[in-house]
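Trainee: Dropping a structure here in structure tokens format, bear with me for questions.
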Amino acid sequence: PQFTSSGNVEVILGTQENTVLVVDVNGSEDQLLHERIQAPVTKMAVAPNGRFLACFTENGMVTVISTSFTTKVLDFDTNTRMTPLQMIWCGEDSVVLHWKRAGVLMVGPYGHWVNHPYDGQALYVIPEADC
């Protein structure tokens, strides 16, 4: 609750209608993101500081928006429609995505990216504990 605008526990839901719902004790509120999110949301991750939400969509885009839902920070085309197994934040300014047998992609704040191919069986990405 320390990072939510309402001060309550909130659940953030990605929808098939290209938007996000925020649900709390008072009900649900559609954030009306149809213009900012280009396809249905299949994976999401909130930044450790609570200020940003990364959304992976069915068309392979990573969209980062503020959790006030007023500002789109980034659209990044991953060139794959396959939903990543994991999507986490690395610190507070980059998003890390992991696909089975494809590796890890780190996307930075200005769309800069680094790809680390990995075709092994076992890979699990965890965020830093000290952020």
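Chain labels A, B, ... are given in the sequence in which chains occur in the structure tokens; within each chain residues are numbered consecutively from 1, and ligands are likewise numbered from 1 in the order shown.
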Which residues, written as a list in words, have at least one atom at most 12 Å from Leu123 (chain A), with only C-alpha atoms counted and residues fewer than 6 positions away on the same chain left out?
Mentor: Leu85, Gln86, Leu97, His98, Trp99, Lys100, Arg101, Ala102, Gly103, Val104, His116 and Pro117 of chain A
Trainee: For region 61-124 of chain A versus region 3-18 of chain A, which residues have an atom no more than 12 Å away, and what is each residue's nearest atom pair and distance in Å rounded to one decimal, using only C-alpha atoms, chain-then-number order, as a tab-separated table?
Mentor:
```
residue	atom	partner	partner_atom	distance
A:Met61	CA	A:Asn18	CA	11.9
A:Thr63	CA	A:Asn18	CA	11.3
A:Ser66	CA	A:Thr4	CA	11.7
A:Thr67	CA	A:Thr4	CA	8.3
A:Ser68	CA	A:Ser5	CA	7.6
A:Phe69	CA	A:Ser5	CA	10.9
```
Trainee: How would the residues just chosen look if you wrote them out with N, CA and C atoms as a compact mmCIF listing (two decimals), in the first residue's frame?
Mentor:
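Okay, out-v2.txt is ready:
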```txt
# COMPACT_ATOMS: atom_id res chain seq x y z
N MET A 61 4.95 -6.51 -27.93
CA MET A 61 5.44 -5.22 -27.45
C MET A 61 5.58 -5.22 -25.93
N THR A 63 5.35 -2.48 -23.18
CA THR A 63 4.93 -1.11 -22.95
C THR A 63 5.13 -0.80 -21.48
N SER A 66 3.49 4.72 -16.47
CA SER A 66 3.52 5.11 -15.06
C SER A 66 2.35 4.44 -14.35
N THR A 67 2.49 4.16 -13.06
CA THR A 67 1.39 3.55 -12.32
C THR A 67 0.30 4.57 -11.98
N SER A 68 0.52 5.82 -12.31
CA SER A 68 -0.58 6.79 -12.27
C SER A 68 -1.39 6.70 -13.56
N PHE A 69 -0.87 5.93 -14.54
CA PHE A 69 -1.49 5.66 -15.83
C PHE A 69 -1.67 6.91 -16.67
```
Trainee: Quick one, how far is CA of Met82 (chain A) from CA of Leu33 (chain A)?
Mentor: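 Distance reported for this atom pair: 22.0 Å.
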Trainee: In Å, rounded to a single decimal, give me how far CA of Asn79 (chain A) is from CA of Gln121 (chain A).
Mentor: 22.2 Å
Trainee: Could you work out how far CA of Val23 (chain A) lies from CA of Gly108 (chain A), giving the answer in Å with one decimal?
Mentor: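 Between CA of Gly108 (chain A) and CA of Val23 (chain A) the gap works out to 28.7 Å.
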Trainee: I'd like the neighbourhood of Phe52 (chain A) as a ChimeraX atom specification, where a residue qualifies if any of its atoms comes within 10 Å (using only C-alpha atoms), though same-chain residues fewer than 6 positions away should be ignored.
Mentor: /A:45-46,64-69,71-73,89,92-93
